[in-house]
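Engineer: To be precise about what I am sending: the file is called model-v2.txt and holds compact mmCIF, C-alpha atoms (C1' of nucleotides).
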```txt
# COMPACT_ATOMS: atom_id res chain seq x y z
CA MET A 604 14.30 -16.79 48.29
CA LEU A 605 14.97 -18.13 44.85
CA GLY A 606 11.53 -17.36 43.43
CA THR A 607 11.11 -19.19 40.14
CA PHE A 608 14.02 -21.46 40.98
CA LYS A 609 12.92 -24.62 42.78
CA GLU A 610 15.45 -26.88 44.48
CA ASN A 611 14.55 -29.96 42.45
CA LEU A 612 14.35 -27.95 39.25
CA MET A 613 17.55 -26.02 39.01
CA VAL A 614 21.12 -26.50 38.01
CA ARG A 615 24.09 -24.61 39.34
CA VAL A 616 26.83 -24.10 36.80
CA ASP A 617 30.28 -22.60 36.94
CA PHE A 618 31.97 -22.11 33.59
CA PRO A 619 34.89 -19.93 32.58
CA CYS A 620 34.35 -17.48 29.74
CA PHE A 621 30.59 -17.41 30.20
CA ASP A 622 28.82 -14.10 30.72
CA ILE A 623 25.10 -14.09 30.16
CA GLN A 624 24.82 -10.31 30.07
CA LYS A 625 27.36 -9.97 27.29
CA ILE A 626 25.72 -12.78 25.35
CA ALA A 627 22.33 -11.08 25.70
CA GLU A 628 23.79 -7.83 24.36
CA SER A 629 25.91 -9.40 21.64
CA GLY A 630 23.31 -9.17 18.88
CA GLN A 631 23.21 -12.89 18.10
CA CYS A 632 19.99 -13.71 19.94
CA PHE A 633 16.87 -11.64 20.46
CA ARG A 634 14.88 -13.68 22.94
CA LEU A 635 17.30 -13.63 25.85
CA VAL A 636 15.96 -10.75 27.89
CA ARG A 637 17.05 -9.26 31.17
CA SER A 638 14.22 -9.64 33.68
CA GLY A 639 15.90 -8.29 36.81
CA GLN A 640 19.20 -7.14 38.26
CA ASP A 641 20.75 -10.61 38.03
CA ASP A 642 18.04 -12.41 36.07
CA TRP A 643 17.50 -13.29 32.44
CA THR A 644 14.75 -15.17 30.65
CA LEU A 645 15.36 -17.11 27.48
CA THR A 646 12.69 -18.45 25.15
CA ALA A 647 14.06 -21.13 22.83
CA PHE A 648 13.20 -24.60 21.58
CA GLY A 649 9.64 -24.23 22.85
CA LYS A 650 10.80 -23.67 26.41
CA ALA A 651 11.23 -20.78 28.80
CA LEU A 652 14.45 -20.85 30.78
CA HIS A 653 15.36 -18.60 33.69
CA ILE A 654 18.96 -17.82 34.40
CA ARG A 655 20.26 -16.10 37.51
CA LYS A 656 23.76 -14.83 38.03
CA ILE A 657 25.22 -15.74 41.41
CA LYS A 658 28.65 -14.29 40.78
CA ASN A 659 31.08 -14.08 37.87
CA GLY A 660 30.87 -17.29 35.85
CA GLU A 661 28.44 -18.85 38.32
CA TYR A 662 24.77 -19.20 37.46
CA ILE A 663 21.66 -21.16 38.27
CA PHE A 664 19.39 -22.39 35.49
CA SER A 665 15.69 -23.20 36.01
CA CYS A 666 15.80 -26.72 34.61
CA THR A 667 16.67 -30.25 35.56
CA LYS A 668 20.19 -31.57 35.21
CA ARG A 669 18.96 -33.86 32.47
CA GLU A 670 17.49 -30.96 30.47
CA PHE A 671 20.59 -28.87 31.06
CA ASN A 672 22.83 -31.61 29.72
CA SER A 673 20.64 -32.47 26.75
CA ILE A 674 19.76 -28.94 25.61
CA TRP A 675 21.32 -25.93 27.28
CA LYS A 676 24.91 -27.03 27.65
CA ASN A 677 25.08 -27.29 23.90
CA TYR A 678 22.90 -24.22 23.32
CA PHE A 679 25.35 -22.04 25.22
CA ASP A 680 28.33 -23.87 23.71
CA LEU A 681 29.70 -24.46 27.19
CA GLU A 682 32.15 -27.18 26.26
CA SER A 683 34.23 -25.15 23.83
CA ASP A 684 37.45 -23.59 25.04
CA TYR A 685 37.11 -19.90 24.23
CA GLY A 686 40.31 -19.05 26.03
CA ALA A 687 42.17 -21.01 23.38
CA TYR A 688 40.67 -18.85 20.62
CA ALA A 689 41.62 -15.61 22.31
CA ASP A 690 45.16 -16.92 22.83
CA GLN A 691 45.68 -16.96 19.07
CA ILE A 692 45.34 -13.21 18.76
CA PRO A 693 48.81 -11.68 18.31
CA LYS A 694 49.75 -9.31 21.13
CA SER A 695 50.81 -6.80 18.48
CA ASP A 696 47.16 -6.35 17.55
CA ARG A 697 46.30 -4.03 20.41
CA PHE A 698 42.79 -3.34 19.18
CA LEU A 699 41.76 -6.98 18.83
CA SER A 700 43.45 -7.95 22.09
CA ALA A 701 41.43 -5.27 23.86
CA ALA A 702 38.24 -6.32 22.06
CA ALA A 703 38.70 -9.97 23.07
CA GLU A 704 39.41 -9.09 26.67
CA TYR A 705 36.42 -6.76 26.81
CA SER A 706 34.21 -9.46 25.25
CA GLU A 707 35.38 -12.38 27.37
CA GLY A 708 32.33 -14.43 28.26
CA ILE A 709 30.63 -14.23 24.89
CA ARG A 710 29.97 -17.60 23.30
CA ILE A 711 28.45 -18.41 19.92
CA LEU A 712 25.08 -19.96 20.71
CA ASN A 713 23.69 -23.04 19.00
CA GLN A 714 20.33 -21.62 18.00
CA ASP A 715 17.55 -23.03 15.87
CA PRO A 716 18.38 -22.68 12.14
CA TRP A 717 14.84 -21.81 11.09
CA GLU A 718 14.52 -19.16 13.78
CA MET A 719 17.87 -17.67 12.75
CA LEU A 720 16.91 -17.57 9.10
CA ILE A 721 13.70 -15.67 9.81
CA THR A 722 15.26 -13.45 12.46
CA PHE A 723 18.14 -12.34 10.23
CA LEU A 724 15.87 -11.92 7.22
CA LEU A 725 14.04 -9.46 9.43
CA SER A 726 17.21 -7.82 10.70
CA GLN A 727 18.13 -5.98 7.51
CA ARG A 728 17.85 -2.23 7.96
CA LYS A 729 16.38 -2.58 11.42
CA SER A 730 17.88 -1.58 14.74
CA ILE A 731 18.43 -4.32 17.31
CA PRO A 732 15.56 -3.07 19.55
CA ALA A 733 13.27 -3.04 16.50
CA ILE A 734 14.27 -6.62 15.60
CA ARG A 735 13.48 -7.71 19.14
CA THR A 736 10.03 -6.09 19.00
CA CYS A 737 9.26 -7.66 15.65
CA VAL A 738 10.33 -11.15 16.75
CA GLU A 739 8.17 -10.89 19.87
CA LYS A 740 5.16 -9.78 17.81
CA LEU A 741 5.59 -12.76 15.47
CA ALA A 742 5.87 -15.15 18.41
CA SER A 743 2.88 -13.81 20.35
CA SER A 744 0.74 -13.60 17.20
CA PHE A 745 1.49 -16.99 15.69
CA GLY A 746 3.65 -19.11 18.01
CA ASN A 747 2.60 -21.84 20.43
CA GLU A 748 1.82 -20.89 23.98
CA ILE A 749 4.34 -21.86 26.64
CA ASN A 750 3.33 -21.96 30.28
CA ASP A 751 6.15 -20.30 32.15
CA ASP A 752 5.28 -20.86 35.79
CA GLY A 753 1.77 -19.45 35.33
CA LYS A 754 2.77 -16.77 32.89
CA THR A 755 2.25 -17.27 29.15
CA VAL A 756 5.15 -16.78 26.77
CA TYR A 757 5.29 -17.77 23.12
CA ALA A 758 7.47 -20.06 21.07
CA PHE A 759 8.97 -18.87 17.82
CA PRO A 760 6.50 -19.63 15.00
CA THR A 761 7.02 -22.81 13.00
CA PRO A 762 7.18 -22.67 9.18
CA GLU A 763 3.56 -23.89 9.11
CA GLN A 764 2.45 -21.13 11.45
CA LEU A 765 4.20 -18.42 9.44
CA TYR A 766 2.79 -19.80 6.22
CA HIS A 767 -0.75 -19.71 7.60
CA ALA A 768 -0.16 -16.20 8.95
CA GLY A 769 0.25 -15.11 5.33
CA VAL A 770 1.99 -11.98 4.10
CA ASP A 771 -0.68 -9.81 5.73
CA GLY A 772 -0.26 -11.48 9.10
CA ILE A 773 3.49 -11.08 8.92
CA LEU A 774 3.07 -7.46 7.85
CA SER A 775 0.98 -6.79 10.95
CA CYS A 776 4.08 -7.60 13.01
CA SER A 777 6.07 -4.68 11.56
CA ALA A 778 8.06 -6.76 9.12
CA GLY A 779 7.63 -4.11 6.43
CA TYR A 780 9.01 -4.89 2.99
CA ARG A 781 10.63 -8.07 4.39
CA ALA A 782 7.27 -9.78 4.91
CA PRO A 783 7.29 -11.56 1.52
CA TYR A 784 10.81 -12.85 2.25
CA LEU A 785 9.56 -14.55 5.40
CA TYR A 786 6.50 -15.89 3.68
CA GLU A 787 8.51 -17.31 0.79
CA ALA A 788 10.92 -19.03 3.16
CA ALA A 789 8.01 -20.64 5.00
CA SER A 790 6.46 -21.74 1.69
CA LEU A 791 9.71 -23.35 0.58
CA VAL A 792 9.95 -25.32 3.82
CA LEU A 793 6.38 -26.56 3.45
CA SER A 794 6.96 -27.58 -0.15
CA GLY A 795 10.09 -29.46 0.87
CA GLU A 796 12.42 -27.35 -1.26
CA LEU A 797 14.08 -25.98 1.85
CA ASP A 798 14.90 -28.19 4.82
CA PRO A 799 16.68 -26.23 7.57
CA GLU A 800 17.38 -29.38 9.60
CA TYR A 801 18.77 -31.35 6.68
CA LEU A 802 21.17 -28.51 5.86
CA LYS A 803 22.99 -29.30 9.10
CA ASN A 804 24.60 -32.11 7.10
CA SER A 805 25.83 -29.81 4.34
CA ASP A 806 29.33 -28.43 4.17
CA ASP A 807 29.89 -24.68 4.45
CA ALA A 808 29.93 -24.02 0.71
CA GLU A 809 26.77 -25.98 0.02
CA LEU A 810 24.95 -24.42 2.96
CA LYS A 811 25.92 -20.92 1.91
CA GLU A 812 24.85 -21.47 -1.67
CA LYS A 813 21.44 -22.68 -0.53
CA LEU A 814 20.98 -19.73 1.81
CA LEU A 815 22.02 -17.22 -0.87
CA SER A 816 19.43 -18.68 -3.22
CA LEU A 817 16.65 -17.44 -0.92
CA ARG A 818 15.07 -14.09 -1.65
CA GLY A 819 16.13 -11.54 0.95
CA VAL A 820 19.30 -13.42 1.89
CA GLY A 821 22.57 -11.79 0.87
CA GLU A 822 26.15 -12.22 2.01
CA LYS A 823 25.66 -10.74 5.46
CA VAL A 824 22.43 -12.51 6.38
CA ALA A 825 23.77 -15.83 5.06
CA ASN A 826 26.83 -15.50 7.27
CA CYS A 827 24.69 -14.70 10.32
CA VAL A 828 22.50 -17.74 9.75
CA MET A 829 25.57 -19.91 9.27
CA LEU A 830 27.26 -18.61 12.40
CA PHE A 831 24.32 -18.42 14.78
CA GLY A 832 22.03 -21.15 13.41
CA TYR A 833 24.49 -23.74 12.11
CA HIS A 834 27.44 -22.98 14.35
CA ARG A 835 29.79 -22.55 11.40
CA ILE A 836 32.25 -20.56 13.47
CA ASN A 837 34.34 -19.67 10.45
CA ALA A 838 31.48 -17.56 9.04
CA PHE A 839 32.33 -13.85 9.26
CA PRO A 840 29.32 -11.52 8.93
CA VAL A 841 30.29 -8.00 7.92
CA ASP A 842 27.76 -5.28 8.61
CA VAL A 843 27.99 -1.51 9.05
CA TRP A 844 29.59 -1.90 12.49
CA MET A 845 32.21 -4.34 11.26
CA ASN A 846 33.02 -2.10 8.32
CA ARG A 847 33.41 0.83 10.67
CA MET A 848 35.86 -1.10 12.87
CA ILE A 849 37.79 -2.58 9.96
CA ASP A 850 38.14 0.81 8.32
CA ARG A 851 39.26 2.45 11.52
CA HIS A 852 41.67 -0.18 12.81
CA TYR A 853 42.77 -2.20 9.78
CA ASN A 854 42.75 0.32 6.95
CA GLY A 855 39.81 -1.45 5.40
CA SER A 856 41.31 -4.95 5.25
CA PHE A 857 40.99 -7.44 8.09
CA PRO A 858 43.68 -10.20 8.34
CA MET A 859 41.20 -13.09 8.09
CA ASP A 860 43.94 -15.63 7.39
CA LEU A 861 45.13 -15.43 10.99
CA TYR A 862 41.80 -16.73 12.22
CA ARG A 863 40.84 -19.44 9.74
CA GLY A 864 38.43 -21.87 11.33
CA PHE A 865 37.09 -19.54 14.01
CA ALA A 866 36.84 -16.11 12.39
CA GLY A 867 33.19 -15.87 13.48
CA ILE A 868 34.22 -15.76 17.13
CA ILE A 869 36.69 -12.98 16.41
CA GLN A 870 33.95 -11.20 14.48
CA GLN A 871 31.68 -11.36 17.50
CA TYR A 872 34.33 -9.80 19.74
CA ILE A 873 34.86 -6.93 17.30
CA PHE A 874 31.14 -6.39 16.84
CA TYR A 875 30.37 -6.35 20.56
CA TYR A 876 33.36 -4.13 21.38
CA GLY A 877 32.55 -1.75 18.55
CA ARG A 878 28.90 -1.44 19.44
CA THR A 879 29.05 -1.21 23.22
CA TYR A 880 32.42 0.30 24.10
CA SER A 881 32.95 3.93 23.21
CA GLY A 882 36.58 4.31 24.24
CA HIS A 883 38.37 2.90 21.22
C1' DT B 1158 10.84 15.92 13.77
C1' DG B 1159 13.97 13.80 11.21
C1' DC B 1160 17.47 10.45 10.82
C1' DC B 1161 19.11 5.93 10.78
C1' DA B 1162 18.92 0.98 11.50
C1' DG B 1163 23.46 -6.25 12.18
C1' DG B 1164 21.14 -5.06 3.74
C1' DC B 1165 18.97 -6.70 -0.24
C1' DT B 1166 16.86 -6.42 -4.91
C1' DT B 1167 16.69 -4.26 -9.07
C1' DC B 1168 18.31 -1.80 -12.76
C1' DA B 1169 21.74 1.15 -15.15
C1' DC B 1170 26.26 1.21 -17.13
C1' DG C 1405 31.37 -6.70 -12.28
C1' DT C 1406 30.35 -2.10 -10.03
C1' DG C 1407 27.24 1.68 -8.41
C1' DA C 1408 23.21 3.81 -6.90
C1' DA C 1409 18.24 4.22 -5.96
C1' DG C 1410 14.40 2.40 -3.34
C1' DC C 1411 12.60 0.04 0.26
C1' DA C 1412 8.45 -0.11 5.36
C1' DT C 1413 8.60 0.87 9.90
C1' DG C 1414 10.20 1.52 14.60
C1' DG C 1415 13.47 3.86 18.02
C1' DC C 1416 15.79 7.53 19.71
```
Before we go any further, please render this structure as structure tokens.

Structural biologist:
Amino acid sequence: MLGTFKENLMVRVDFPCFDIQKIAESGQCFRLVRSGQDDWTLTAFGKALHIRKIKNGEYIFSCTKREFNSIWKNYFDLESDYGAYADQIPKSDRFLSAAAEYSEGIRILNQDPWEMLITFLLSQRKSIPAIRTCVEKLASSFGNEINDDGKTVYAFPTPEQLYHAGVDGILSCSAGYRAPYLYEAASLVLSGELDPEYLKNSDDAELKEKLLSLRGVGEKVANCVMLFGYHRINAFPVDVWMNRMIDRHYNGSFPMDLYRGFAGIIQQYIFYYGRTYSGH
DNA sequence: TGCCAGGCTTCAC
DNA sequence: GTGAAGCATGGC
């Protein structure tokens, strides 16, 4: 039996280069959680979505075809040709070729810019499991309730909700010294000085400048927000893992010029390979 | 138990 | 412009 999947409320999809497990483990999203052997649950855009793997590349989604086409197809970036990106890696780069093959199926999600800003403000000097815990605490403490087939899950808090939570409320969710960063960001949105949606219209340089002006946002966090929240796939976040890989395999200098325009996708392959595969 | 985490701000120099 | 200390708290 299909359980949470009802015949009139599910979509069967079959896409190449799409692997939900790798995406869930790729460090770009924190609310896509494995809920069974072949099942994942995603909370995003005020909705709960269930995803079940049938076989490689083939999945069923717990939503109507209309919802799939209007929200999730874009969310999972299913219309981009990731094979074409991987094809541009020179065969001579054995490390990157292996990383791309290992990471096949990862896509850069189109996530909510506000959620990405707050999530990656939180991410600094936290482990990925700790980020996940913190995001869930924020959602269940301050976010709207979502009825997920009888079970209650929580939407990511809006700027208004975080503002009303206050620094103390945010602190109670294990945000630590980052709590004022989150609170300030929420305040700026409420005052109109920061408009995450409007920034979708900005070019890369303008967007980055605005992000860097926020307290708690540096080079790395800005690049994560650009890549995962604004789908600027040329953004190239460099963290401790990336530095480790670049030092080990490129003598400290990565040939960015080869990947102009989609360096962020290459970055994601290196990051995922470096973090999850021990044999390199 | 102690160490480290998808870094940033602040303050010397 | 570069370098180094300090940072709250959870995971392992």

Engineer: What is the CA of Asp680 in chain A to CA of Lys813 in chain A distance in Å?

Structural biologist: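 Taking CA of Asp680 in chain A and CA of Lys813 in chain A, their separation equals 25.2 Å.
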
Engineer: Taking only C-alpha atoms (C1' of nucleotides) into account and nothing else, which residues of chain C lie no more than 8 Å away from chain A? Please answer as a PyMOL selection string.

Structural biologist: chain C and resi 1411-1415

Engineer: Between CA of Ala758 in chain A and CA of Tyr662 in chain A, what distance in Å does the model show, to one decimal?

Structural biologist: 23.8 Å

Engineer: Taking all atoms of range 840-843 of chain A that the file lists and extending 5 Å past them on each side, where is the centre of the axis-aligned box and how long are its edges? Answer in Å to one decimal, as lines of an AutoDock Vina configuration file.

Structural biologist:
```
center_x = 29.0
center_y = -6.5
center_z = 8.5
size_x = 12.5
size_y = 20.0
size_z = 11.1
```

Engineer: Would you mind telling me which residue in A:Ser726, A:Ser706, A:Gln714, A:Gln631 lies nearest to DA1162 in chain B when using all atoms listed in the file?

Structural biologist: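 Going through A:Ser726, A:Ser706, A:Gln714, A:Gln631 one by one, the smallest distance to DA1162 in chain B is for A:Ser726.
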
Engineer: Chain B residues within 9 Å of chain A, counting only C-alpha atoms (C1' of nucleotides): which ones, as an MDAnalysis selection string?

Structural biologist: chainID B and resid 1161:1166

Engineer: What is the distance between CA of His852 in chain A and CA of Arg878 in chain A, in Å to one decimal?

Structural biologist: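 Rounded to one decimal, the two atoms are 14.4 Å apart.
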
Engineer: Fewer than 5 positions away in the same chain doesn't count, so skip those; otherwise give me all residues within 7 Å of range 797-809 of chain A, counting only C-alpha atoms (C1' of nucleotides), as a list in words.

Structural biologist: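 The residues satisfying every condition are Pro716, Trp717, Leu791, Val792 and Tyr833 of chain A.
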
Engineer: Could those selected residues go to a file with C-alpha atoms, as an mmCIF file, keeping the file's coordinate frame?

Structural biologist:
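Output file part-v6.cif is given in full below:
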```cif
data_model
loop_
_atom_site.group_PDB
_atom_site.id
_atom_site.type_symbol
_atom_site.label_atom_id
_atom_site.label_comp_id
_atom_site.auth_asym_id
_atom_site.auth_seq_id
_atom_site.Cartn_x
_atom_site.Cartn_y
_atom_site.Cartn_z
ATOM 1 C CA PRO A 716 18.380 -22.680 12.140
ATOM 2 C CA TRP A 717 14.840 -21.810 11.090
ATOM 3 C CA LEU A 791 9.710 -23.350 0.580
ATOM 4 C CA VAL A 792 9.950 -25.320 3.820
ATOM 5 C CA TYR A 833 24.490 -23.740 12.110
#
```

Engineer: Give me, as an NGL selection string, all polymer residues having an atom no more than 12 Å from Asp715 in chain A, counting only C-alpha atoms (C1' of nucleotides) and skipping those fewer than 2 positions away in the same chain.

Structural biologist: :A and (631-632 or 646-649 or 674 or 677-678 or 712-713 or 717-722 or 758-761 or 799-800 or 802-803 or 828-834)

Engineer: Find, counting only C-alpha atoms, the residue in A:Leu815, A:Pro619, A:Glu682, A:Met613 that gets nearest to Ile654 in chain A.

Structural biologist: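 Closest candidate: A:Met613.
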
Engineer: Give me the residues within 10 Å of range 1406-1410 of chain C as a ChimeraX atom specification, counting all atoms listed in the file and dropping any in the same chain fewer than 2 places off.

Structural biologist: /B:1166-1170

Engineer: Those residues with C-alpha atoms (C1' of nucleotides), as an mmCIF file, keeping the file's coordinate frame please?

Structural biologist:
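Output file out27.cif follows:
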```cif
data_model
loop_
_atom_site.group_PDB
_atom_site.id
_atom_site.type_symbol
_atom_site.label_atom_id
_atom_site.label_comp_id
_atom_site.auth_asym_id
_atom_site.auth_seq_id
_atom_site.Cartn_x
_atom_site.Cartn_y
_atom_site.Cartn_z
ATOM 1 C "C1'" DT B 1166 16.860 -6.420 -4.910
ATOM 2 C "C1'" DT B 1167 16.690 -4.260 -9.070
ATOM 3 C "C1'" DC B 1168 18.310 -1.800 -12.760
ATOM 4 C "C1'" DA B 1169 21.740 1.150 -15.150
ATOM 5 C "C1'" DC B 1170 26.260 1.210 -17.130
#
```
